[in-house]
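Read through the structure below, which is laid out as structure tokens, and then see the notes.
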Amino acid sequence: MGFLSSSRLVSIIIPSKDEGGNLLKTIAAIKSTTAHRPYELIVVDDGSGADGAAVVKTHPDVRVVRGDGLGVAKARNAGAARARGEILVFCDAHVFPVQTEWLGALVQALRDPSVGLCAPCVVVHGNPDHKGYGLSLAEDLSCSWNGRHAENVFEVQVIPGGATCVRTEVFRRLGGWCGLMNGWGSDDQELSLRAWMQGYRQVVVPHVEIEHIFRSRFPYTVTYEQPALNSLVMGALHFSEKRFIDLLQRHRTALGDERMNELLKSVAPEVMAERKRLATTRKYSDDWFFEKFKRSSLPP
Ligand SMILES: [Mn+2]
């Protein structure tokens with residue numbers, strides 16, 4: 001049985017919080033398109049209200065892991081910790097694969113040992129002409145979807161967390177999704193940045209398409225503070241001093257000095273320990289990361 005052969009198990013991990021019918025539709029879409037290889041489905045129910053148990057009743061084959069407000073990064077990690085597959089696929093609870101070969105094509109891209117994370121093209125559900133091919137991260141940390149930069153597999157700065165595919169062994173070596181992040185925000189930017197800096201290439205497989213529901217509002221509460229803190233954690237883990245100071249300046253206005261210092265203090269010891277740990281295996285700097293894509297960026 002060869003490396004990543006089609007008989008190897010794939011673990012599909014879906015974090016979910018108050019997703020309602022979308023979670024069931026996501027499971028149905030995966031089941032109807034994933035016929036040709038063994039897979040397991042793991043739902044991490046991160047403290048949903050009343051409908052959280054619906055999956056267990058209608059899909060007894062789905063393994064359910066209970067979280068209690070872990071936030072998206074730690075919820076995905078909780079699913080990964082239970083996963084038995086050689087490949088991990090992280091899906092939002094509102095995505096729908098459309099092609100029967102979707103999983104095989106994504107796994108194929110991971111056969112290249114230089115590839116860390118990969119993703120399909122993300123299609124706007126209900127608006128199929130709108131497609132995103134991975135994301136770009138600007139110096140001001142604004143994140144925007146890419147156009148199709150190439151016919152075949154191509155490198156991108158950020159792999160969308162809603163459809164992230166990775167070899168289990170690489171995921172564990174990287175240290176998983178950032179356990180210092182809570183709630184929502186910056187989780188996918190951070191993992192991609194970390195993977196690039198650790199020497200992996202992140203790629204999009206453009207001919208594989210997954211529909212994603214882009215929501216105008218969250219089904220749960222997201223404050224300004226939580227994503228801001230996640231973004232500060234990313235900066236503290238990976239940025240040079242100058243870039244981190246720029247980041248502090250941006251959040252200072254909205255958060256206020258006192259609150260920002262309080263938030264930073266609450267995570268500082270763990271962040272510094274993790275920064276030190278990452279530095280021992282780091283291959284590239286944040287400057288290299290931003291510079292590389294500045295040069296290779298193409299019009300969408
Ligand atoms: Mn999503």
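Order determines the names: the first chain of the structure tokens is A, the second B, and so forth; residues in each chain are numbered 1 upward, and ligands are numbered 1 upward as they are shown.
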
Worksheet item: Using only C-alpha atoms and all ligand atoms, what are the residues with an atom within 7 Å of ligand 1, set out as a PyMOL selection string?
Response: chain A and resi 92+94+162+212-214

Practice prompt. Once DSSP has gone over the backbone, tell me which residues of segment 8-209 of chain A are in strand (DSSP E or B), as JSON, numbers by chain.
Written response: {"A": [10, 11, 12, 13, 14, 15, 16, 39, 40, 41, 42, 43, 44, 45, 46, 63, 64, 65, 66, 67, 87, 88, 89, 90, 91, 95, 96, 97, 115, 116, 117, 118, 119, 120, 121, 122, 123, 124, 131, 132, 135, 136, 137, 143, 144, 145, 154, 155, 158, 163, 164, 165, 166, 167, 201, 202, 203, 204, 205, 206, 207, 208, 209]}

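For the pair atom CA of Val43 of chain A and atom CA of Arg76 of chain A, the interatomic distance is 9.1 Å.
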
Practice prompt. With a distance cut-off of 10 Å and only C-alpha atoms, select the neighbouring residues of Arg82 of chain A, excluding the residue or stretch itself and same-chain residues fewer than 5 positions from it, and output the selection as a list in words.
Written response: Ser11, Ile13, Ile42, Arg63, Val64, Val65 and Asn77 of chain A

Dump N, CA and C atoms for the selected residues as a short mmCIF file (atom, residue, chain, number, x, y, z; two decimals), in the first residue's frame?
data_model
loop_
_atom_site.label_atom_id
_atom_site.label_comp_id
_atom_site.auth_asym_id
_atom_site.auth_seq_id
_atom_site.Cartn_x
_atom_site.Cartn_y
_atom_site.Cartn_z
N SER A 11 -9.60 11.60 7.20
CA SER A 11 -10.49 12.10 8.26
C SER A 11 -11.01 13.48 7.89
N ILE A 13 -12.96 16.63 9.15
CA ILE A 13 -13.26 17.21 10.47
C ILE A 13 -14.07 18.50 10.29
N ILE A 42 -15.86 13.46 11.33
CA ILE A 42 -15.84 13.86 12.74
C ILE A 42 -16.43 15.26 12.85
N ARG A 63 -18.77 10.56 13.89
CA ARG A 63 -18.26 10.65 15.27
C ARG A 63 -18.41 12.09 15.74
N VAL A 64 -18.97 12.26 16.91
CA VAL A 64 -19.20 13.61 17.45
C VAL A 64 -18.29 13.84 18.65
N VAL A 65 -17.54 14.93 18.58
CA VAL A 65 -16.69 15.35 19.69
C VAL A 65 -17.34 16.59 20.29
N ASN A 77 -8.63 21.28 16.35
CA ASN A 77 -7.60 20.44 16.98
C ASN A 77 -8.22 19.28 17.75
#

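The closest residue to Phe293 of chain A, picked from A:Ile87, A:Met260, A:Leu193, A:Leu23 and counting only C-alpha atoms, is A:Leu193.
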
Practice prompt. Identify, on the basis of only C-alpha atoms, every residue whose closest approach to segment 171-175 of chain A does not exceed 12 Å; exclude the query and any residue fewer than 3 positions from it along the same chain; express the result as a VMD selection string.
Written response: chain A and resid 73 to 74 76 to 77 80 to 81 83 85 to 90 115 to 118 164 to 168 178 to 180 190 to 200 274 277 to 278 281 to 282

Show me, as a tab-separated table, the residues of segment 167-237 of chain A having an atom within 12 Å of segment 131-149 of chain A, each with the closest atom pair and its distance in Å, using only C-alpha atoms.
residue	atom	partner	partner_atom	distance
A:Gly185	CA	A:Cys143	CA	11.1
A:Ser186	CA	A:Leu141	CA	9.4
A:Asp188	CA	A:Leu135	CA	9.8
A:Gln189	CA	A:Leu137	CA	7.7
A:Glu190	CA	A:Leu137	CA	10.5
A:Ser192	CA	A:Leu135	CA	10.1
A:Leu193	CA	A:Leu137	CA	9.4
A:Gln202	CA	A:Gly134	CA	9.2
A:Val203	CA	A:Gly134	CA	7.9
A:Val204	CA	A:Gly134	CA	6.2
A:Val205	CA	A:Tyr133	CA	8.2
A:Pro206	CA	A:Tyr133	CA	6.6
A:His207	CA	A:Arg148	CA	9.8
A:Val208	CA	A:Tyr133	CA	10.1
A:Glu209	CA	A:Lys131	CA	8.7
A:Ile210	CA	A:Lys131	CA	9.5
A:Glu211	CA	A:Lys131	CA	8.9
A:His212	CA	A:Lys131	CA	9.8
A:Ile213	CA	A:Lys131	CA	11.9
A:Phe214	CA	A:Lys131	CA	11.6
A:Ala228	CA	A:Leu141	CA	11.3
A:Ser231	CA	A:Leu141	CA	8.6
A:Leu232	CA	A:Leu141	CA	10.9
A:Met234	CA	A:Leu141	CA	10.5
A:Gly235	CA	A:Leu141	CA	9.9

For the residues in that selection, give me C-alpha atoms as a compact mmCIF listing (two decimals), in the first residue's frame.
# COMPACT_ATOMS: atom_id res chain seq x y z
CA GLY A 185 -10.34 35.04 13.24
CA SER A 186 -6.73 34.83 11.96
CA ASP A 188 -6.13 30.20 8.85
CA GLN A 189 -3.75 33.10 8.16
CA GLU A 190 -1.61 32.02 11.10
CA SER A 192 -0.51 29.16 6.54
CA LEU A 193 2.10 31.73 7.59
CA GLN A 202 0.74 25.98 0.34
CA VAL A 203 -1.18 25.33 -2.87
CA VAL A 204 -4.62 25.56 -4.42
CA VAL A 205 -5.98 22.82 -6.66
CA PRO A 206 -8.00 25.07 -8.96
CA HIS A 207 -10.12 22.51 -10.76
CA VAL A 208 -11.57 21.15 -7.51
CA GLU A 209 -14.53 23.27 -6.41
CA ILE A 210 -16.29 23.44 -3.07
CA GLU A 211 -19.30 25.67 -2.51
CA HIS A 212 -19.24 27.75 0.65
CA ILE A 213 -22.03 29.80 2.20
CA PHE A 214 -20.69 33.29 2.84
CA ALA A 228 -8.03 41.50 17.30
CA SER A 231 -4.29 38.82 15.11
CA LEU A 232 -1.95 40.11 17.85
CA MET A 234 -0.19 35.80 15.13
CA GLY A 235 2.02 38.89 15.05

Item to complete: Would you return as an MDAnalysis selection string the members of segment 72-277 of chain A that DSSP assigns to helix (DSSP H, G or I) on this structure's backbone?
Response: chainID A and resid 72:82 102:109 168:174 187:197 225:238 241:255 257:277

Discussion item. Considering only C-alpha atoms, can you say which of A:Ile14, A:Phe96, A:Thr58, A:Glu19 comes closest to Val122 of chain A?
Written reply: A:Phe96

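Among A:Pro60, A:Pro15, A:Gly21, A:Pro113, the residue with the shortest atom-to-atom distance to Ala78 of chain A, counting only C-alpha atoms, is A:Pro15.
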
Worksheet item: Phe239 of chain A: which residues within 9 Å, counting only C-alpha atoms, same-chain residues fewer than 3 positions away excluded, as number ranges by chain?
Response: A: 234-236, 242-244, 285-287
